[in-house]
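Peer 1: I have a structure here, written as structure tokens, and I will follow up with some questions on it.
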Amino acid sequence: MTLDTEPEVIPALESPDDAIARDQLAEEHAFDDAFAGGRLPKPVGVDRQSRVLWEYVGPVIAFHLLIPLAFIPYFFSWWGLLFLPIGNYLFTSIGIGAGYHRLLTHRGFKCPKWLEYIFATLGVCSFQDSPARWVLVHRVHHQHSDHRPDPHTPRVSAFWAHMGWLFIDNRELSSAAAYDRYVRDVIRDPYYLWLQRGLNWVWVYVAHAIAVLMLGYLWGWLWTGTVSGMFQIGLQFLMWGVIMRTIYTWHVTWGINSFAHMWGYRNYETREDSRNNWLFALLTNGEGWHNNHHADPRTAQHGHRWWEVDVTYWSLVALEKTGLIWDLVRPNQSALSRKTIRSGVDT
Ligand SMILES: [Zn+2]
Ligand SMILES: [Zn+2]
């Protein structure tokens with residue numbers, strides 16, 4: 001999961017989506033009716049020799065064990081619940097949805113480097129791995145969607161797709177060759193390379209957690225004027241603004257890999273099981289329109305029908321109007337029209 005070797009001289013890279021499309025054509029997966037609905041074994045890179053990734057298992061278990069604590073009166077507050085939608089929007093919709101996914105993975109818009117780094121750093125604060133690792137996994141997912149090399153297809157099992165795949169090393173994803181093949185464009189950037197080394201991306205997450213705690217202490221001191229009030233409100237900020245918000249955003253993001261490949265409707269005929277899942281689209285501010293996304297991965301607009309709410313895309317349109325981002329990729333209507341399912345929904 002970490003890249004300990006210096007990448008070799010990096011030649012100019014074709015666009016990531018071009019590379020993925022080329023490989024897709026070369027491999028021509030046989031996604032026929034006989035295969036539809038079939039089960040798959042785990043990817044080839046996962047076997048009995050595969051290491052359990054305790055550095056993932058540990059935090060996920062520890063955070064979940066803290067959930068009951070969040071509801072005892074000392075840690076609970078109604079205003080603390082507001083951290084979930086606000087934190088979900090800021091750190092996960094903007095950080096992961098716009099930053100890691102629509103920008104770094106699919107290059108769906110352009111922006112200044114400083115803004116790209118802000119997007120990516122907000123993504124790091126969602127505790128969903130480093131940018132390079134996240135992008136690598138997601139590009140492999142698009143290249144092999146719902147076929148055996150897909151890192152997280154529900155054809156293995158719903159649990160595997162949701163979170164099981166995170167806990168065991170998949171050699172196809174962790175080799176230096178995989179980083180070189182799939183994320184050369186990301187890892188060549190010194191900031192993303194630094195985040196990838198050792199646990200640097202984890203320390204960024206820890207630093208933001210400490211910042212939230214300090215903000216809570218400050219707010220508690222100003223609000224109550226007592227040391228006990230300062231400590232209590234600081235810990236409430238940490239519990240709801242970091243721990244509970246992280247758990248919430250883990251599951252809604254993981255739900256795209258699991259639920260949005262199992263349940264929902266399809267606007268387009270695509271070569272995998274992707275679905276538009278309205279619940280996860282609302283929970284993630286747009287990522288759940290996943291069949292639309294698989295039909296046209298490059299576009300930053302995931303909601304294609306007027307009622308397919310895509311707050312992340314609307315945020316990008318607003319940023320485009322300010323001039324902070326540009327070349328926002330719109331849906332490719334001619335390509336999409338060839339895939340459109342005319343009869344309406346197909347669940
Ligand atoms: Zn997918
Ligand atoms: Zn994608």
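Please note that chains go A, B, ... in the order of the structure tokens, that every chain numbers its residues from 1, and that ligands are numbered from 1 in the order shown.
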For ligand 2, collect every residue having any atom at a distance of at most 9 Å from a ligand atom (counting only C-alpha atoms and all ligand atoms); output as a list of chain:residue names.
Peer 2: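 Protein and nucleic-acid residues within 9 Å of ligand 2: A:His101, A:Arg102, A:Thr105, A:His106, A:Val135, A:His138, A:Arg139, A:His141, A:His142, A:Glu287, A:His290, A:His293, A:His294, A:Pro297, A:Arg298.
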Peer 1: Residues within 12 Å of ligand 1, counting only C-alpha atoms and all ligand atoms: report them as a ChimeraX atom specification.
Peer 2: /A:101,137-147,150-154,161-162,253-262,270-277,287-297
Peer 1: Do you have, as CSV, the list of residues of stretch 143-233 of chain A lying at most 8 Å from stretch 51-74 of chain A, each with its nearest atom pair and that distance in Å to one decimal, counting only C-alpha atoms and ordered by chain then number?
Peer 2:
residue,atom,partner,partner_atom,distance
A:Leu166,CA,A:Tyr56,CA,7.0
A:Phe167,CA,A:Leu53,CA,5.1
A:Ile168,CA,A:Val52,CA,4.5
A:Asp169,CA,A:Arg51,CA,5.3
A:Gln232,CA,A:Tyr74,CA,6.9
Peer 1: Set the distance at 8 Å and use only C-alpha atoms: which residues neighbour A:Leu235 once local chain neighbours fewer than 3 positions away are removed? I'd like the list as an MDAnalysis selection string.
Peer 2: chainID A and resid 75 213 216:217 231:232 238:239
Peer 1: Please determine, counting only C-alpha atoms, which residue among A:Val311, A:Ala132, A:Val46, A:Ala98 has the shortest atom-to-atom distance to A:Arg188.
Peer 2: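 Using only C-alpha atoms, the shortest distance to A:Arg188 belongs to A:Ala132.
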Peer 1: What's around A:Ile96 at 8 Å? Count only C-alpha atoms, leave out sequence neighbours fewer than 5 positions away in its own chain, and write the answer as a list of chain:residue names.
Peer 2: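 Residues near the query, excluding close chain neighbours: A:Phe91, A:His101, A:Phe119, A:Ala120, A:Leu122, A:Gly123, A:Ser126.
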Peer 1: So which one's closest to A:Ala211, A:Leu283, A:Arg266, A:Gly229, A:Gly234? Using only C-alpha atoms, please.
Peer 2: A:Gly234
Peer 1: Taking only stretch 8-237 of chain A into account, list the residues labelled alpha helix (DSSP H) by DSSP (computed from the backbone), as a PyMOL selection string.
Peer 2: chain A and resi 16-27+54-65+67-70+83-87+113-124+131-143+158-162+171-174+176-182+184-187+190-196+200-224+227-237
Peer 1: Grab the residues selected above and save them as a short mmCIF file (atom, residue, chain, number, x, y, z; two decimals), in the first residue's frame with C-alpha atoms.
Peer 2:
data_model
loop_
_atom_site.label_atom_id
_atom_site.label_comp_id
_atom_site.auth_asym_id
_atom_site.auth_seq_id
_atom_site.Cartn_x
_atom_site.Cartn_y
_atom_site.Cartn_z
CA PRO A 16 -5.92 8.08 -17.82
CA ASP A 17 -9.35 7.51 -19.35
CA ASP A 18 -7.76 6.91 -22.77
CA ALA A 19 -5.51 4.27 -21.23
CA ILE A 20 -8.44 2.63 -19.48
CA ALA A 21 -10.57 2.72 -22.64
CA ARG A 22 -7.73 1.22 -24.65
CA ASP A 23 -7.30 -1.62 -22.20
CA GLN A 24 -11.03 -2.19 -22.08
CA LEU A 25 -11.13 -2.58 -25.84
CA ALA A 26 -8.08 -4.85 -25.81
CA GLU A 27 -9.53 -7.17 -23.23
CA TRP A 54 -4.23 -4.39 10.22
CA GLU A 55 -3.54 -0.73 9.56
CA TYR A 56 -7.02 -0.62 7.98
CA VAL A 57 -8.78 -3.20 10.15
CA GLY A 58 -7.61 -1.55 13.40
CA PRO A 59 -8.99 1.98 12.82
CA VAL A 60 -12.24 0.71 11.27
CA ILE A 61 -12.94 -1.55 14.28
CA ALA A 62 -11.79 1.07 16.80
CA PHE A 63 -13.97 3.79 15.30
CA HIS A 64 -17.03 1.54 15.23
CA LEU A 65 -16.47 0.53 18.86
CA ILE A 67 -20.26 4.56 18.34
CA PRO A 68 -22.11 3.74 21.63
CA LEU A 69 -19.95 6.30 23.44
CA ALA A 70 -21.11 9.02 21.04
CA PHE A 83 -21.33 17.77 11.64
CA LEU A 84 -22.53 14.80 9.58
CA PRO A 85 -24.06 16.66 6.58
CA ILE A 86 -21.59 19.56 6.79
CA GLY A 87 -18.54 17.31 7.11
CA LYS A 113 -2.62 23.37 -8.55
CA TRP A 114 -3.25 25.07 -5.19
CA LEU A 115 -6.99 24.37 -5.51
CA GLU A 116 -6.33 20.78 -6.58
CA TYR A 117 -4.23 20.33 -3.43
CA ILE A 118 -7.05 21.74 -1.29
CA PHE A 119 -9.53 19.29 -2.85
CA ALA A 120 -7.12 16.39 -2.34
CA THR A 121 -6.29 17.37 1.24
CA LEU A 122 -10.00 17.54 2.10
CA GLY A 123 -10.19 14.02 0.65
CA VAL A 124 -7.33 12.87 2.90
CA PRO A 131 -4.97 10.09 -3.34
CA ALA A 132 -2.68 7.80 -5.38
CA ARG A 133 -3.97 4.61 -3.79
CA TRP A 134 -7.64 5.68 -4.06
CA VAL A 135 -7.24 6.65 -7.72
CA LEU A 136 -5.40 3.41 -8.50
CA VAL A 137 -8.16 1.25 -7.00
CA HIS A 138 -10.85 3.24 -8.77
CA ARG A 139 -9.17 3.12 -12.19
CA VAL A 140 -8.81 -0.66 -11.86
CA HIS A 141 -12.50 -0.76 -10.92
CA HIS A 142 -13.46 1.07 -14.13
CA GLN A 143 -11.20 -1.05 -16.27
CA ALA A 158 -21.96 -7.70 -0.74
CA PHE A 159 -19.70 -7.51 2.33
CA TRP A 160 -16.59 -7.87 0.19
CA ALA A 161 -17.71 -4.99 -2.06
CA HIS A 162 -18.68 -2.78 0.87
CA ARG A 171 -1.03 -7.82 -4.73
CA GLU A 172 -2.46 -6.57 -8.03
CA LEU A 173 -3.03 -3.20 -6.36
CA SER A 174 0.02 -2.85 -4.14
CA ALA A 176 5.16 -0.64 -7.75
CA ALA A 177 4.22 -1.81 -11.26
CA ALA A 178 0.54 -1.15 -10.54
CA TYR A 179 1.32 2.39 -9.35
CA ASP A 180 3.45 2.94 -12.44
CA ARG A 181 0.74 1.67 -14.77
CA TYR A 182 -2.35 3.24 -13.28
CA ARG A 184 1.87 7.60 -12.94
CA ASP A 185 0.25 10.99 -13.52
CA VAL A 186 -0.69 11.27 -9.82
CA ILE A 187 2.42 9.85 -8.17
CA PRO A 190 5.65 15.62 -5.24
CA TYR A 191 2.75 16.28 -2.84
CA TYR A 192 0.91 13.08 -3.73
CA LEU A 193 4.18 11.14 -3.61
CA TRP A 194 4.86 12.55 -0.15
CA LEU A 195 1.36 11.65 1.06
CA GLN A 196 1.91 8.11 -0.23
CA ASN A 200 2.09 10.65 5.86
CA TRP A 201 -1.51 10.76 4.65
CA VAL A 202 -2.60 9.33 8.02
CA TRP A 203 -0.69 12.07 9.86
CA VAL A 204 -2.53 14.69 7.78
CA TYR A 205 -5.80 13.10 8.91
CA VAL A 206 -4.60 13.11 12.55
CA ALA A 207 -3.56 16.77 12.23
CA HIS A 208 -7.02 17.76 11.00
CA ALA A 209 -8.59 15.80 13.90
CA ILE A 210 -6.42 17.76 16.37
CA ALA A 211 -7.43 21.01 14.62
CA VAL A 212 -11.13 20.13 15.04
CA LEU A 213 -10.50 19.30 18.72
CA MET A 214 -8.76 22.65 19.24
CA LEU A 215 -11.61 24.48 17.53
CA GLY A 216 -13.97 22.71 19.91
CA TYR A 217 -11.89 23.73 22.92
CA LEU A 218 -11.92 27.33 21.73
CA TRP A 219 -15.66 27.27 21.10
CA GLY A 220 -16.28 25.58 24.47
CA TRP A 221 -14.22 28.17 26.32
CA LEU A 222 -15.96 31.09 24.60
CA TRP A 223 -19.42 29.51 25.02
CA THR A 224 -19.23 28.29 28.64
CA VAL A 227 -12.60 24.55 31.85
CA SER A 228 -15.01 21.59 32.18
CA GLY A 229 -17.24 23.09 29.46
CA MET A 230 -14.21 23.66 27.27
CA PHE A 231 -13.15 19.99 27.56
CA GLN A 232 -16.66 18.63 27.03
CA ILE A 233 -17.40 20.67 23.91
CA GLY A 234 -13.93 19.97 22.52
CA LEU A 235 -14.51 16.23 22.90
CA GLN A 236 -17.99 16.57 21.36
CA PHE A 237 -16.39 18.26 18.35
#
Peer 1: Skipping near chain neighbours, those fewer than 5 positions away, what residues fall within 8 Å of A:Asp327 using only C-alpha atoms, listed as a PDB file with C-alpha atoms, in the first residue's frame?
Peer 2:
ATOM      1  CA  GLY A 108     -13.313  15.908 -15.404  1.00  0.00           C
ATOM      2  CA  PHE A 109     -12.237  19.529 -14.942  1.00  0.00           C
ATOM      3  CA  LYS A 110      -9.159  21.695 -14.612  1.00  0.00           C
TER       4      LYS A 110
END
Peer 1: Work out how far apart atom CA of A:Glu269 and atom CA of A:Lys339 are and give it in Å to one decimal.
Peer 2: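 Rounded to one decimal, the two atoms are 5.1 Å apart.
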Peer 1: Pick out the residues sitting within 10 Å of A:Ser337, and hand them over as a VMD selection string; count only C-alpha atoms, and ignore anything fewer than 5 positions along from it in its own chain.
Peer 2: chain A and resid 268 332 342
Peer 1: Hey, can you spit out that residue selection with C-alpha atoms as a CSV table (one decimal), in the first residue's frame?
Peer 2:
chain,number,residue,atom,x,y,z
A,268,TYR,CA,-27.8,3.1,-19.9
A,332,ASN,CA,-21.0,13.1,-24.2
A,342,ARG,CA,-35.2,3.4,-24.3
